[in-house]
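Chemist: Sending over upload11.cif (mmCIF, C-alpha atoms).
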```
data_input
#
loop_
_atom_site.label_atom_id
_atom_site.label_comp_id
_atom_site.auth_asym_id
_atom_site.auth_seq_id
_atom_site.Cartn_x
_atom_site.Cartn_y
_atom_site.Cartn_z
CA GLY A 1 60.02 -9.84 88.06
CA SER A 2 62.35 -11.46 85.54
CA LEU A 3 61.65 -8.85 82.89
CA THR A 4 63.99 -5.96 82.12
CA PRO A 5 62.10 -2.64 82.28
CA THR A 6 62.39 -0.20 79.41
CA ARG A 7 64.78 2.67 80.06
CA GLN A 8 64.09 6.34 79.63
CA ASN A 9 65.45 7.71 76.37
CA GLU A 10 65.96 10.86 74.32
CA TYR A 11 62.21 11.18 73.80
CA THR A 12 61.27 10.93 77.48
CA GLY A 13 59.18 13.95 78.46
CA MET A 14 59.16 15.37 74.92
CA PHE A 15 55.48 16.34 75.36
CA GLU A 16 55.35 16.79 79.13
CA GLY A 17 52.52 19.15 80.10
CA TYR A 18 50.94 19.02 76.61
CA ASN A 19 47.22 18.70 76.02
CA VAL A 20 46.32 15.27 74.62
CA ILE A 21 43.60 14.34 72.12
CA PHE A 22 43.33 10.60 71.46
CA ILE A 23 41.10 9.29 68.66
CA THR A 24 40.13 5.64 68.23
CA ALA A 25 39.02 5.51 64.59
CA GLU A 26 36.22 3.06 63.83
CA GLY A 27 37.02 0.53 61.08
CA PHE A 28 39.99 2.57 59.85
CA SER A 29 42.75 1.43 57.55
CA GLY A 30 45.67 3.57 56.46
CA TYR A 31 45.32 2.09 52.98
CA MET A 32 42.65 4.75 52.36
CA ILE A 33 44.95 7.72 53.07
CA ASP A 34 45.67 9.75 49.95
CA PRO A 35 47.54 13.08 49.69
CA GLU A 36 44.84 14.65 47.53
CA LEU A 37 41.67 13.01 48.83
CA THR A 38 42.60 13.07 52.54
CA PRO A 39 45.21 15.85 52.85
CA THR A 40 44.83 16.29 56.62
CA LEU A 41 45.23 12.58 57.42
CA TYR A 42 48.16 12.51 55.01
CA LYS A 43 49.76 15.51 56.72
CA LEU A 44 49.30 14.08 60.20
CA SER A 45 50.65 10.66 59.21
CA THR A 46 53.76 12.00 57.45
CA GLU A 47 54.79 15.11 59.39
CA GLY A 48 54.92 13.83 62.97
CA PHE A 49 56.10 10.45 64.18
CA VAL A 50 55.95 8.10 61.21
CA PHE A 51 55.50 4.47 62.24
CA GLU A 52 56.37 2.58 59.09
CA ASN A 53 55.57 -0.89 60.43
CA PHE A 54 52.51 -0.40 62.62
CA TYR A 55 49.89 -3.16 62.80
CA SER A 56 46.36 -3.01 64.18
CA THR A 57 46.06 -6.70 65.03
CA LEU A 58 42.53 -8.03 65.39
CA HIS A 59 41.70 -9.53 68.76
CA PHE A 60 38.47 -10.54 70.47
CA THR A 61 35.37 -8.29 70.34
CA SER A 62 36.55 -6.02 67.53
CA THR A 63 35.84 -2.41 68.63
CA SER A 64 35.97 -3.04 72.37
CA GLY A 65 39.07 -5.23 71.99
CA GLY A 66 40.75 -2.56 69.89
CA GLU A 67 39.91 0.13 72.44
CA PHE A 68 41.25 -2.11 75.19
CA GLN A 69 44.59 -2.41 73.41
CA ASN A 70 44.77 1.31 72.64
CA LEU A 71 43.88 2.50 76.14
CA THR A 72 45.33 -0.12 78.50
CA GLY A 73 48.44 -1.43 76.72
CA LEU A 74 47.10 -4.97 77.26
CA TYR A 75 45.56 -7.66 75.06
CA PRO A 76 41.89 -8.48 75.71
CA LYS A 77 40.80 -11.91 76.85
CA ALA A 78 40.11 -14.18 73.86
CA ALA A 79 36.63 -15.04 75.14
CA PHE A 80 33.80 -13.70 77.27
CA PRO A 81 33.52 -11.77 79.51
CA VAL A 82 34.67 -8.83 77.39
CA SER A 83 37.78 -7.38 79.02
CA MET A 84 36.89 -3.70 78.68
CA SER A 85 33.35 -4.27 79.93
CA GLU A 86 34.68 -6.32 82.82
CA THR A 87 36.90 -3.47 84.02
CA GLY A 88 33.79 -1.35 84.42
CA GLU A 89 31.63 -4.07 85.95
CA GLN A 90 34.27 -4.94 88.52
CA GLY A 91 35.77 -1.47 88.96
CA THR A 92 39.26 -2.92 88.53
CA SER A 93 42.24 -0.70 89.20
CA LEU A 94 43.80 0.72 86.02
CA PRO A 95 46.56 3.03 87.25
CA PHE A 96 48.44 3.32 83.93
CA THR A 97 45.69 4.68 81.66
CA LEU A 98 46.30 8.18 80.33
CA ALA A 99 43.27 9.65 82.10
CA ASN A 100 43.98 8.06 85.46
CA ARG A 101 47.60 9.24 85.30
CA LEU A 102 47.03 12.72 83.94
CA ASN A 103 44.07 13.44 86.22
CA GLN A 104 46.55 13.34 89.11
CA LYS A 105 48.28 16.32 87.48
CA GLY A 106 45.12 18.37 87.19
CA TYR A 107 44.15 17.47 83.62
CA THR A 108 40.55 17.68 82.44
CA SER A 109 39.73 14.27 80.95
CA ILE A 110 36.55 13.89 78.87
CA GLY A 111 35.58 11.10 76.46
CA TYR A 112 33.03 11.28 73.62
CA HIS A 113 31.10 8.74 71.57
CA PHE A 114 28.05 9.81 69.58
CA ASN A 115 26.21 6.51 69.99
CA GLU A 116 24.13 4.68 72.57
CA ASN A 117 25.68 2.71 75.41
CA MET A 118 27.54 -0.30 74.00
CA TYR A 119 29.90 -2.78 75.69
CA GLY A 120 29.10 -1.18 79.06
CA ARG A 121 31.07 1.98 78.36
CA ASP A 122 28.93 3.83 80.92
CA LEU A 123 30.99 1.96 83.53
CA SER A 124 34.28 1.11 81.82
CA HIS A 125 35.22 4.54 80.51
CA PRO A 126 34.70 6.42 83.78
CA ASN A 127 36.86 3.65 85.30
CA LEU A 128 39.52 4.56 82.73
CA GLY A 129 39.42 8.07 84.19
CA TYR A 130 37.17 9.97 81.75
CA GLU A 131 34.05 12.01 82.26
CA TRP A 132 32.17 9.92 79.75
CA ARG A 133 29.72 11.51 77.30
CA GLN A 134 27.59 9.39 74.96
CA ALA A 135 23.99 9.48 73.76
CA ASP A 136 22.54 7.87 76.90
CA ALA A 137 23.45 6.27 80.25
CA CYS A 138 25.70 9.12 81.35
CA GLY A 139 25.50 12.36 83.31
CA ARG A 140 25.80 14.69 80.29
CA PRO A 141 24.37 12.94 77.21
CA VAL A 142 25.45 14.20 73.80
CA THR A 143 22.87 15.28 71.24
CA LYS A 144 22.97 13.32 68.00
CA GLU A 145 22.78 14.96 64.60
CA THR A 146 19.36 14.61 62.94
CA ASP A 147 17.74 15.57 59.65
CA GLU A 148 14.86 18.04 59.35
CA SER A 149 12.38 15.31 60.30
CA GLY A 150 14.24 14.45 63.48
CA HIS A 151 15.68 11.24 62.06
CA GLU A 152 19.02 10.37 63.66
CA TYR A 153 21.75 9.74 61.12
CA TRP A 154 23.47 6.36 61.07
CA PRO A 155 26.31 6.39 61.51
CA GLN A 156 26.89 9.73 63.17
CA SER A 157 29.34 12.28 61.75
CA ASP A 158 32.84 12.49 63.20
CA ASP A 159 33.02 16.09 62.02
CA TYR A 160 29.77 16.86 63.86
CA MET A 161 31.22 15.28 67.02
CA ILE A 162 34.26 17.60 66.87
CA GLN A 163 32.10 20.65 66.18
CA GLN A 164 29.79 19.87 69.10
CA SER A 165 32.45 19.10 71.68
CA PHE A 166 35.47 21.35 71.16
CA ALA A 167 34.07 24.23 73.21
CA ASP A 168 33.68 21.86 76.19
CA TYR A 169 37.40 21.67 76.80
CA VAL A 170 39.33 24.30 74.81
CA ASP A 171 39.54 26.63 77.81
CA LYS A 172 40.25 23.86 80.34
CA GLU A 173 43.98 23.29 79.78
CA PRO A 174 45.67 21.01 80.34
CA PHE A 175 43.10 18.66 78.83
CA ASN A 176 43.09 14.99 77.90
CA ILE A 177 40.31 14.21 75.43
CA TYR A 178 39.23 10.86 74.02
CA TYR A 179 37.09 10.43 70.90
CA LEU A 180 35.63 7.12 69.77
CA THR A 181 34.55 7.79 66.20
CA LEU A 182 31.59 6.27 64.36
CA SER A 183 31.52 7.47 60.74
CA GLY A 184 33.61 4.54 59.50
CA HIS A 185 31.21 1.89 60.83
CA LEU A 186 29.92 -0.77 58.46
CA PRO A 187 27.92 -1.42 56.33
CA TYR A 188 29.56 0.40 53.45
CA GLY A 189 27.02 1.45 50.87
CA PHE A 190 25.45 4.64 49.58
CA ASP A 191 22.00 3.39 50.62
CA SER A 192 22.98 1.96 54.00
CA ASN A 193 25.50 4.47 55.36
CA GLU A 194 24.54 8.13 55.79
CA MET A 195 28.17 9.27 55.83
CA SER A 196 28.92 7.41 52.60
CA LYS A 197 25.89 9.10 51.05
CA ARG A 198 26.99 12.50 52.37
CA ASN A 199 30.34 12.26 50.60
CA GLN A 200 29.29 10.29 47.54
CA GLU A 201 30.08 13.05 45.08
CA ALA A 202 33.68 13.33 46.30
CA VAL A 203 34.40 9.69 45.42
CA ALA A 204 32.25 9.34 42.31
CA ASN A 205 35.15 9.31 39.87
CA LEU A 206 37.51 7.07 41.81
CA PRO A 207 38.56 3.86 39.99
CA TYR A 208 37.08 1.50 42.57
CA SER A 209 34.01 -0.64 43.17
CA GLU A 210 30.90 0.90 44.70
CA LYS A 211 31.59 -0.66 48.11
CA THR A 212 35.17 0.58 48.22
CA LYS A 213 34.07 4.05 47.18
CA ALA A 214 31.42 3.97 49.93
CA TYR A 215 34.10 2.99 52.48
CA ILE A 216 36.30 5.89 51.42
CA ALA A 217 33.31 8.25 51.46
CA ALA A 218 32.52 7.28 55.04
CA GLY A 219 36.18 7.85 55.92
CA LEU A 220 36.02 11.34 54.47
CA GLU A 221 33.83 12.34 57.41
CA LEU A 222 36.77 11.50 59.67
CA GLU A 223 39.02 13.53 57.36
CA LYS A 224 36.66 16.50 57.73
CA GLY A 225 36.58 16.05 61.50
CA MET A 226 40.38 15.98 61.75
CA THR A 227 40.59 19.05 59.52
CA SER A 228 38.14 20.88 61.78
CA LEU A 229 40.08 19.82 64.86
CA ILE A 230 43.42 21.09 63.54
CA GLU A 231 41.85 24.38 62.46
CA LYS A 232 40.26 24.89 65.87
CA LEU A 233 43.51 24.10 67.69
CA GLU A 234 45.36 26.58 65.50
CA GLU A 235 42.70 29.27 65.98
CA ALA A 236 42.94 28.78 69.74
CA GLY A 237 46.74 29.08 69.54
CA ILE A 238 47.35 25.70 71.20
CA ALA A 239 48.27 23.41 68.29
CA ASP A 240 51.93 23.51 69.27
CA ARG A 241 51.22 22.37 72.84
CA THR A 242 48.70 19.67 71.97
CA LEU A 243 49.60 16.06 71.20
CA LEU A 244 47.24 14.45 68.69
CA VAL A 245 47.04 10.66 68.66
CA MET A 246 44.94 8.51 66.36
CA ALA A 247 44.81 4.74 65.97
CA PRO A 248 42.19 2.32 64.60
CA ASP A 249 40.05 0.05 66.70
CA HIS A 250 40.32 -2.56 63.95
CA ILE A 251 40.47 -2.95 60.18
CA PRO A 252 37.21 -3.53 58.21
CA TYR A 253 37.55 -7.26 58.90
CA SER A 254 34.27 -8.24 57.20
CA ASP A 255 35.16 -6.39 54.00
CA LEU A 256 38.75 -7.27 53.20
CA ASP A 257 38.00 -6.98 49.49
CA ILE A 258 37.98 -3.21 50.14
CA LEU A 259 41.52 -3.32 51.51
CA GLU A 260 42.67 -5.57 48.67
CA GLU A 261 41.34 -3.06 46.17
CA LEU A 262 42.95 -0.11 47.94
CA ALA A 263 46.29 -1.89 48.39
CA GLY A 264 46.25 -3.39 44.90
CA ARG A 265 47.06 -6.87 46.17
CA SER A 266 45.52 -10.02 47.65
CA PHE A 267 45.61 -10.75 51.38
CA GLY A 268 44.50 -14.37 50.99
CA THR A 269 41.10 -14.36 52.65
CA ASP A 270 37.63 -12.84 52.24
CA THR A 271 36.94 -12.13 55.91
CA LEU A 272 38.53 -12.28 59.34
CA GLU A 273 35.22 -12.18 61.17
CA MET A 274 35.91 -15.61 62.70
CA LEU A 275 39.50 -14.61 63.53
CA ASP A 276 40.83 -17.35 61.25
CA GLU A 277 44.35 -16.25 60.28
CA GLN A 278 45.59 -19.51 58.78
CA ASN A 279 45.84 -18.29 55.19
CA VAL A 280 46.05 -14.53 55.71
CA ASP A 281 48.88 -12.25 54.68
CA PHE A 282 49.47 -10.28 57.88
CA ASP A 283 50.04 -7.11 55.89
CA VAL A 284 46.25 -6.86 55.90
CA TYR A 285 46.73 -5.53 59.45
CA LYS A 286 49.32 -2.95 58.44
CA ASN A 287 47.91 0.40 59.41
CA THR A 288 48.55 4.01 60.42
CA TRP A 289 49.22 5.30 63.91
CA ILE A 290 49.15 9.09 64.00
CA LEU A 291 51.26 10.82 66.64
CA TRP A 292 51.52 14.52 65.79
CA SER A 293 51.95 17.98 67.24
CA ALA A 294 52.50 21.29 65.51
CA SER A 295 55.65 21.56 67.61
CA ILE A 296 57.32 18.72 65.66
CA LYS A 297 59.54 20.37 63.07
CA GLU A 298 60.77 17.31 61.17
CA PRO A 299 59.22 13.84 60.72
CA ILE A 300 60.54 11.22 63.12
CA LYS A 301 60.60 7.87 61.34
CA VAL A 302 60.25 4.65 63.33
CA GLU A 303 60.91 1.37 61.53
CA LYS A 304 60.36 -1.06 64.40
CA PRO A 305 57.36 -3.38 64.03
CA CYS A 306 54.78 -2.26 66.60
CA SER A 307 51.08 -2.54 67.34
CA GLN A 308 48.23 -1.05 69.32
CA VAL A 309 49.38 -2.29 72.75
CA ASP A 310 52.56 -0.25 72.29
CA ILE A 311 50.67 3.04 72.11
CA LEU A 312 50.08 3.56 75.84
CA PRO A 313 53.64 2.88 77.08
CA THR A 314 55.04 5.06 74.29
CA LEU A 315 52.70 7.92 75.23
CA LEU A 316 53.46 7.60 78.94
CA ASN A 317 57.17 8.00 78.19
CA LEU A 318 56.63 10.94 75.81
CA LEU A 319 54.49 12.67 78.45
CA GLY A 320 57.19 12.20 81.08
CA GLU A 321 55.19 9.75 83.17
CA THR A 322 57.05 7.19 85.25
CA TYR A 323 55.43 3.75 85.20
CA ASP A 324 56.32 0.08 85.62
CA SER A 325 56.84 -1.04 82.03
CA ARG A 326 56.89 -4.71 83.07
CA MET A 327 53.18 -4.54 83.88
CA LEU A 328 52.02 -3.75 80.35
CA ALA A 329 51.96 -6.09 77.36
CA GLY A 330 53.14 -3.29 75.08
CA THR A 331 56.53 -1.63 74.81
CA ASP A 332 57.69 1.97 74.56
CA VAL A 333 58.61 1.97 70.87
CA MET A 334 61.20 4.70 71.39
CA SER A 335 63.13 2.65 73.97
CA GLU A 336 65.96 0.22 73.34
CA ASN A 337 63.58 -2.71 73.89
CA ASP A 338 62.00 -4.20 70.79
CA PRO A 339 58.20 -4.36 70.53
CA VAL A 340 56.53 -7.58 69.41
CA VAL A 341 53.50 -7.70 67.12
CA ILE A 342 51.29 -10.57 68.29
CA PHE A 343 48.40 -11.81 66.19
CA PHE A 344 45.30 -13.58 67.52
CA SER A 345 46.53 -16.93 66.17
CA ASN A 346 49.77 -16.69 68.21
CA SER A 347 51.78 -15.93 65.10
CA TRP A 348 54.12 -13.01 65.72
CA LEU A 349 56.50 -10.51 64.19
CA THR A 350 59.65 -8.82 65.51
CA GLU A 351 62.59 -6.94 64.05
CA LYS A 352 64.40 -10.28 63.78
CA GLY A 353 61.72 -12.06 61.79
CA ALA A 354 58.24 -13.57 61.61
CA TYR A 355 56.82 -16.77 63.10
CA ASP A 356 53.90 -18.65 61.51
CA ARG A 357 52.07 -20.65 64.15
CA TYR A 358 50.28 -22.80 61.57
CA THR A 359 53.42 -24.05 59.82
CA GLY A 360 55.71 -23.71 62.82
CA THR A 361 58.25 -21.85 60.70
CA PHE A 362 60.35 -18.80 61.52
CA THR A 363 61.50 -16.54 58.69
CA PRO A 364 64.37 -14.20 59.66
CA SER A 365 64.30 -10.63 58.40
CA GLY A 366 66.49 -9.96 55.39
CA SER A 367 69.30 -8.36 57.38
CA VAL A 368 69.30 -10.92 60.22
CA ALA A 369 71.78 -13.81 60.21
CA MET A 370 70.90 -16.63 62.63
CA SER A 371 72.02 -20.25 62.71
CA ALA A 372 69.41 -23.00 62.88
CA GLU A 373 70.13 -23.51 66.59
CA GLU A 374 69.94 -19.78 67.30
CA GLN A 375 66.60 -19.66 65.51
CA ARG A 376 65.29 -22.62 67.53
CA ILE A 377 66.24 -21.04 70.87
CA TYR A 378 64.91 -17.62 69.85
CA VAL A 379 61.58 -19.06 68.69
CA GLU A 380 61.08 -21.13 71.84
CA ASN A 381 61.80 -18.17 74.09
CA MET A 382 59.55 -15.86 72.06
CA LYS A 383 56.67 -18.36 71.95
CA TYR A 384 56.67 -18.51 75.73
CA LEU A 385 56.80 -14.71 75.98
CA MET A 386 53.95 -14.34 73.48
CA GLU A 387 51.69 -16.72 75.37
CA CYS A 388 52.36 -14.81 78.59
CA ARG A 389 51.67 -11.43 77.05
CA LEU A 390 48.41 -12.56 75.48
CA ARG A 391 47.17 -13.78 78.87
CA LEU A 392 48.48 -10.83 80.86
CA GLY A 393 45.39 -8.64 80.40
CA GLU A 394 43.01 -11.43 81.32
CA LEU A 395 44.90 -12.25 84.51
CA ILE A 396 45.30 -8.61 85.55
CA ILE A 397 41.60 -7.79 85.07
CA GLU A 398 40.14 -10.95 86.56
CA ASN A 399 42.37 -10.79 89.65
CA ASP A 400 42.37 -6.98 89.99
CA TYR A 401 46.14 -7.40 90.09
CA TYR A 402 47.09 -3.74 89.79
CA ARG A 403 45.24 -2.89 93.00
CA THR A 404 47.62 -5.12 94.92
CA ALA A 405 50.80 -4.72 92.89
CA VAL A 406 50.83 -0.96 92.24
CA PRO A 407 50.94 1.28 95.31
#
```
Rewrite the structure from the file as structure tokens, please.

Modeler:
Amino acid sequence: GSLTPTRQNEYTGMFEGYNVIFITAEGFSGYMIDPELTPTLYKLSTEGFVFENFYSTLHFTSTSGGEFQNLTGLYPKAAFPVSMSETGEQGTSLPFTLANRLNQKGYTSIGYHFNENMYGRDLSHPNLGYEWRQADACGRPVTKETDESGHEYWPQSDDYMIQQSFADYVDKEPFNIYYLTLSGHLPYGFDSNEMSKRNQEAVANLPYSEKTKAYIAAGLELEKGMTSLIEKLEEAGIADRTLLVMAPDHIPYSDLDILEELAGRSFGTDTLEMLDEQNVDFDVYKNTWILWSASIKEPIKVEKPCSQVDILPTLLNLLGETYDSRMLAGTDVMSENDPVVIFFSNSWLTEKGAYDRYTGTFTPSGSVAMSAEEQRIYVENMKYLMECRLRLGELIIENDYYRTAVP
């Protein structure tokens, strides 16, 4: 009740009535995007909204935690039970998700994942508002790609997923489609990853280690899928009334040497699998959030630091949806309010500067002038706000708060 809601702005309703396709990209890092090797991903990331300081912060349960941030605008609980799974188990009210909002306007909402049931998605994703399609435990199971002997590929192809599903919804406008990709899943090796093997020739001459080349090769299947998707939207004549959104679930946190090689710099740690951020350079989380439509004529650059929890409130505003912005941990990035990037360790980053929880130090941004006392007050206020926002999702889910608070 003490919070100031975000105000509508010049971007409110910019994509009202548009079709929406949202992709959560498995293990993706924008450090792999290259104008020649991945021209479609490069186009989408530079010709729409361009978020120059977007972070995919790693929180509990990797893929499910990343999905939870992307789709609910909340941080997952930092322990069991898994927040996304719990929403399905308990049937908690989630009135602000894209599917639950857009379904009220007659949208067709379908979600796809070409894998078996994991993290209880058979319950959680219908609760998000989607007709959920995966390889099992659903009403309309998808058919996995196999070789001539009937062997199912691991991981499955993102391009194959697009090819198999597009006809389901192209004639059902307005539609709201969700894809959870799989091609970028670890391990990264030409013997252990079918998608890496499939694209091995395309990366053979790159100046990287075998593991990094295998990671890029797996990512090329996502590139092919996005290329197919754009082509199909254009052929159907609906690219200019479709909003395409893509964000990672998480970085390849067990293989940070890949990111160090791609970025050409050290991030200070070998792995983040245990969520230990004490010696990490937080730029390891810097990533790419794609927000694109063929109707955008000029790139719209956004310099504010932002993260995955900011995606949902930003989309709700762009789609012209009214919502109570105080009840999400994220912030509409296009509003006057400033988003906050919160890391698992309770370190954080804003436009005014960065706070290191381990050293207890605040470093103002280069253009920010603050006295020592101003810094102290700002840090104390922000620390309290960060702790509240990190716990918000846990409290909302476990108490089914939305059911009572949102008419």

Chemist: Using all atoms listed in the file for the distances, tell me which of A:Phe49, A:Tyr107, A:Phe68, A:Tyr401 is nearest to Lys172 of chain A.

Modeler: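 Ranking A:Phe49, A:Tyr107, A:Phe68, A:Tyr401 by distance to Lys172 of chain A, first place goes to A:Tyr107.
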
Chemist: Counting only C-alpha atoms, which of A:Asp400, A:Asp34, A:Asp122, A:Glu298 gets nearest to Ser93 of chain A?

Modeler: A:Asp400

Chemist: Could you jot down the atom CA of Pro81 of chain A to atom CA of Asn117 of chain A separation for me, Å, one decimal place?

Modeler: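 It comes out at 17.0 Å.
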
Chemist: Which residue is closest to Pro252 of chain A? Choose from A:Val280, A:Ala25, A:Val333, A:Met386 and count only C-alpha atoms.

Modeler: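 Looking only at the distances to Pro252 of chain A, the closest residue turns out to be A:Ala25.
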
Chemist: So what does the PyMOL selection byres ((chain A and resi 338-352) around 6) actually pick up in this one, as number ranges by chain?

Modeler: A: 57, 59, 306-307, 331, 337, 353-357, 364-365

Chemist: For a quick check of understanding, using all atoms listed in the file, which of A:Glu398, A:Glu173, A:Asp270, A:Asp255 has the smallest distance to Thr242 of chain A?

Modeler: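 Under the stated criterion, the closest residue is A:Glu173.
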
Chemist: Quick one: residues within 7 Å of segment 220-228 of chain A, all atoms listed in the file, excluding same-chain residues fewer than 3 positions away - as a list in words?

Modeler: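 The residues that qualify are Thr38, Thr40, Leu41, Ser157, Asp158, Asp159, Ile162, Ser183, Met195, Asn199, Ile216, Ala217, Glu231 and Lys232 of chain A.
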
Chemist: For atom CA of Leu229 of chain A and atom CA of Val50 of chain A, determine how far apart the two atoms are, in Å to one decimal place.

Modeler: 20.1 Å

Chemist: As a ChimeraX atom specification, please: the residues near Leu312 of chain A (cut-off 7 Å, all atoms listed in the file, same-chain neighbours under 3 positions excluded).

Modeler: /A:70-73,309,315-316

Chemist: Nearest to Ala202 of chain A: which of A:Glu277, A:Pro187, A:Leu319, A:Ala218 is it, counting all atoms listed in the file?

Modeler: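 For Ala202 of chain A, the nearest of the candidates is A:Ala218.
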
Chemist: Which of these residues is nearest to Ala99 of chain A, using all atoms listed in the file: A:Val368, A:Leu385, A:Leu128, A:Leu180?

Modeler: A:Leu128

Chemist: Work out how far atom CA of Val20 of chain A is from atom CA of Gly320 of chain A, in Å to one decimal.

Modeler: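 Result for atom CA of Gly320 of chain A versus atom CA of Val20 of chain A: 13.0 Å, one decimal.
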
Chemist: So that I can see what lies close to Asp249 of chain A, please list as a PDB file with C-alpha atoms, in the coordinates of the input the residues with an atom at most 12 Å from it, counting only C-alpha atoms and leaving out residues fewer than 6 positions away in the same chain.

Modeler:
```pdb
ATOM      1  CA  ILE A  23      41.100   9.290  68.660  1.00  0.00           C
ATOM      2  CA  THR A  24      40.130   5.640  68.230  1.00  0.00           C
ATOM      3  CA  ALA A  25      39.020   5.510  64.590  1.00  0.00           C
ATOM      4  CA  GLU A  26      36.220   3.060  63.830  1.00  0.00           C
ATOM      5  CA  GLY A  27      37.020   0.530  61.080  1.00  0.00           C
ATOM      6  CA  PHE A  28      39.990   2.570  59.850  1.00  0.00           C
ATOM      7  CA  SER A  29      42.750   1.430  57.550  1.00  0.00           C
ATOM      8  CA  TYR A  55      49.890  -3.160  62.800  1.00  0.00           C
ATOM      9  CA  SER A  56      46.360  -3.010  64.180  1.00  0.00           C
ATOM     10  CA  THR A  57      46.060  -6.700  65.030  1.00  0.00           C
ATOM     11  CA  LEU A  58      42.530  -8.030  65.390  1.00  0.00           C
ATOM     12  CA  HIS A  59      41.700  -9.530  68.760  1.00  0.00           C
ATOM     13  CA  PHE A  60      38.470 -10.540  70.470  1.00  0.00           C
ATOM     14  CA  THR A  61      35.370  -8.290  70.340  1.00  0.00           C
ATOM     15  CA  SER A  62      36.550  -6.020  67.530  1.00  0.00           C
ATOM     16  CA  THR A  63      35.840  -2.410  68.630  1.00  0.00           C
ATOM     17  CA  SER A  64      35.970  -3.040  72.370  1.00  0.00           C
ATOM     18  CA  GLY A  65      39.070  -5.230  71.990  1.00  0.00           C
ATOM     19  CA  GLY A  66      40.750  -2.560  69.890  1.00  0.00           C
ATOM     20  CA  GLU A  67      39.910   0.130  72.440  1.00  0.00           C
ATOM     21  CA  PHE A  68      41.250  -2.110  75.190  1.00  0.00           C
ATOM     22  CA  GLN A  69      44.590  -2.410  73.410  1.00  0.00           C
ATOM     23  CA  ASN A  70      44.770   1.310  72.640  1.00  0.00           C
ATOM     24  CA  LEU A  71      43.880   2.500  76.140  1.00  0.00           C
ATOM     25  CA  TYR A 179      37.090  10.430  70.900  1.00  0.00           C
ATOM     26  CA  LEU A 180      35.630   7.120  69.770  1.00  0.00           C
ATOM     27  CA  THR A 181      34.550   7.790  66.200  1.00  0.00           C
ATOM     28  CA  LEU A 182      31.590   6.270  64.360  1.00  0.00           C
ATOM     29  CA  GLY A 184      33.610   4.540  59.500  1.00  0.00           C
ATOM     30  CA  HIS A 185      31.210   1.890  60.830  1.00  0.00           C
ATOM     31  CA  TYR A 285      46.730  -5.530  59.450  1.00  0.00           C
ATOM     32  CA  ASN A 287      47.910   0.400  59.410  1.00  0.00           C
ATOM     33  CA  THR A 288      48.550   4.010  60.420  1.00  0.00           C
ATOM     34  CA  TRP A 289      49.220   5.300  63.910  1.00  0.00           C
ATOM     35  CA  SER A 307      51.080  -2.540  67.340  1.00  0.00           C
ATOM     36  CA  GLN A 308      48.230  -1.050  69.320  1.00  0.00           C
ATOM     37  CA  VAL A 309      49.380  -2.290  72.750  1.00  0.00           C
TER      38      VAL A 309
END
```

Chemist: Counting all atoms listed in the file, which residues sit no farther than 7 Å from the position (62.9, 5.7, 76.0) in the file's frame? I'd like them as an MDAnalysis selection string.

Modeler: chainID A and resid 6:12 317 332 334:336
